[in-house]
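J.: Got a structure here, written out as structure tokens. Questions coming.
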Amino acid sequence: PPPSMPPSPPAVRISLRLDVVQSKPVQLSLALLVMFAARLAELDTTNPAAFIAAAGFGLLALANLAQASPRCLARGMALVLVCAPTLRLVSVLVRSPEALARDLDTFAGVGRCITTMAAATGAAFGALPPSALPPTRKLLAVGYCACVQMCVGFILRVRTGHESALPFYLLHIVLPFLASFLAAHAASRSSVGQNVARRGYSMRLACDEC
């Protein structure tokens, strides 16, 4: 009888290795996010967005270490990206201008910390593979987060009178977040393309051996 087609375990091994490689930048970025979000929550104890971000990114980091489903991880991260800026927007609308001015002075002293956190957020979200979250949904979540942050900066400028509020949010939050996201997103799509090419090559080798 003709020999049956042998299985192609090399393709499976290649896919698993690439998934592990993709999870490393995500885990590193999540670790940075937990550290900096906890620091911001300690500096501004009246800001619920900081506590939501610290708790959310902490749970996501633990889930990634426990090798949770990439789809669950991506959806959880998208939820944090939507909820935290929304809570921050609500807080700048309801709090007094004096309290908001004190927040701006506090944030101005930790500008590097905020910039690093924004960049780590964009890198962690952009490094998620397209199989975990469709690119359209990723772009929608990123666009919403960036727009809300710019609205927060504009409202702070109007309510507190600080001319530096809007430039601070643009330079320390929005631009680092978008730049790191786009770079990580492009790298993730490139890794997926290499994964597909290697899998196709291994399947052709298996067919040739038949």
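A note on labels: chains of the structure tokens are A, B, ... as shown, every chain counts residues from 1, and ligands are counted from 1 in their shown order.
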Could you name the residues that touch stretch 157-174 of chain A at 6 Å or less, counting only C-alpha atoms, but leaving out those on the same chain fewer than 3 positions away, as an MDAnalysis selection string?
T.: chainID A and resid 97 101 115 118 146 153:154 177
J.: Find the residues around A:Ile52 up to 8 Å (only C-alpha atoms counted), leave out those fewer than 2 positions away in its own chain, and share them as an NGL selection string.
T.: :A and (48-50 or 54-56 or 80 or 83-84)
J.: How would the residues just chosen look if you wrote them out with C-alpha atoms as a PDB file, in the first residue's frame?
T.:
ATOM      1  CA  PRO A  48      -9.752  56.425  39.863  1.00  0.00           C
ATOM      2  CA  ALA A  49      -8.231  55.991  36.397  1.00  0.00           C
ATOM      3  CA  ALA A  50      -4.785  55.344  37.900  1.00  0.00           C
ATOM      4  CA  ALA A  54      -2.707  49.606  37.860  1.00  0.00           C
ATOM      5  CA  ALA A  55      -5.163  46.834  38.753  1.00  0.00           C
ATOM      6  CA  GLY A  56      -6.033  46.045  35.150  1.00  0.00           C
ATOM      7  CA  VAL A  80      -8.426  48.899  30.107  1.00  0.00           C
ATOM      8  CA  CYS A  83     -12.130  52.435  30.655  1.00  0.00           C
ATOM      9  CA  ALA A  84      -9.107  54.226  32.162  1.00  0.00           C
TER      10      ALA A  84
END
J.: Just to confirm, what's the straight-line distance from atom CA of A:Leu59 to atom CA of A:Arg95 in Å (one decimal)?
T.: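 Atom CA of A:Leu59 sits 28.4 Å away from atom CA of A:Arg95.
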J.: Write out as a list in words each polymer residue whose atoms come within 9 Å of A:Phe181, counting only C-alpha atoms; drop sequence neighbours fewer than 6 positions from it.
T.: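 Listing them by chain and then by number gives Ala119, Ala120, Thr121, Gly122, Ala123, Ala124, Phe125, Gly126, Ala127 and Val142 of chain A.
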J.: Using only C-alpha atoms, determine which residues lie at most 7 Å from stretch 72-75 of chain A, disregarding the query and same-chain residues fewer than 6 positions distant; provide the list as an MDAnalysis selection string.
T.: chainID A and resid 60 128 132:133
J.: Select from stretch 114-178 of chain A everything DSSP, run on the backbone, classes as alpha helix (DSSP H), then give the selection as a ChimeraX atom specification.
T.: /A:114-126,135-160,165-169,175-178
J.: For the selection you just gave me, I'd like the residues written to a file as a short mmCIF file (atom, residue, chain, number, x, y, z; two decimals), in the first residue's frame, keeping C-alpha atoms.
T.:
data_model
loop_
_atom_site.label_atom_id
_atom_site.label_comp_id
_atom_site.auth_asym_id
_atom_site.auth_seq_id
_atom_site.Cartn_x
_atom_site.Cartn_y
_atom_site.Cartn_z
CA ILE A 114 4.18 59.24 32.38
CA THR A 115 5.98 59.18 29.02
CA THR A 116 7.43 55.74 29.74
CA MET A 117 4.06 54.42 30.81
CA ALA A 118 2.37 55.76 27.66
CA ALA A 119 5.06 54.21 25.46
CA ALA A 120 4.85 50.88 27.30
CA THR A 121 1.06 50.87 26.88
CA GLY A 122 1.31 51.39 23.15
CA ALA A 123 4.05 48.77 22.81
CA ALA A 124 2.13 46.15 24.80
CA PHE A 125 -1.07 46.67 22.83
CA GLY A 126 0.65 46.89 19.46
CA PRO A 135 -6.30 45.17 13.48
CA THR A 136 -9.47 47.21 12.97
CA ARG A 137 -10.47 46.82 16.62
CA LYS A 138 -6.95 47.61 17.77
CA LEU A 139 -6.96 50.82 15.75
CA LEU A 140 -10.40 51.78 17.07
CA ALA A 141 -9.30 51.30 20.68
CA VAL A 142 -6.08 53.25 20.11
CA GLY A 143 -7.91 56.06 18.32
CA TYR A 144 -10.48 56.32 21.10
CA CYS A 145 -7.79 56.40 23.79
CA ALA A 146 -5.79 59.10 21.99
CA CYS A 147 -8.86 61.26 21.34
CA VAL A 148 -10.02 61.04 24.95
CA GLN A 149 -6.57 61.97 26.23
CA MET A 150 -6.53 65.04 24.00
CA CYS A 151 -10.00 65.97 25.28
CA VAL A 152 -8.72 65.64 28.84
CA GLY A 153 -5.81 67.95 28.07
CA PHE A 154 -8.12 70.53 26.47
CA ILE A 155 -10.57 70.44 29.38
CA LEU A 156 -7.72 70.85 31.87
CA ARG A 157 -6.48 73.86 29.94
CA VAL A 158 -9.94 75.46 29.99
CA ARG A 159 -10.79 74.69 33.61
CA THR A 160 -7.42 75.42 35.21
CA ALA A 165 -1.90 71.26 29.96
CA LEU A 166 -2.66 70.45 26.32
CA PRO A 167 1.00 70.36 25.16
CA PHE A 168 1.84 68.15 28.16
CA TYR A 169 -0.79 65.57 27.23
CA LEU A 175 2.61 60.97 20.85
CA PRO A 176 4.67 58.34 22.78
CA PHE A 177 1.62 56.10 22.95
CA LEU A 178 0.88 56.30 19.22
#
J.: What does the distance from atom CA of A:Gly76 to atom CA of A:Ala63 come to in Å, to one decimal?
T.: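 Taking atom CA of A:Gly76 and atom CA of A:Ala63, their separation equals 9.9 Å.
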J.: One decimal, in Å: what's the spacing between atom CA of A:Leu93 and atom CA of A:Gly58?
T.: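 These atoms are spaced 27.3 Å apart.
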J.: For a quick check of understanding, using only C-alpha atoms, which of A:Ala179, A:Phe57, A:Phe51, A:Ala184 has the smallest distance to A:Arg88?
T.: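 Ranking A:Ala179, A:Phe57, A:Phe51, A:Ala184 by distance to A:Arg88, first place goes to A:Phe51.
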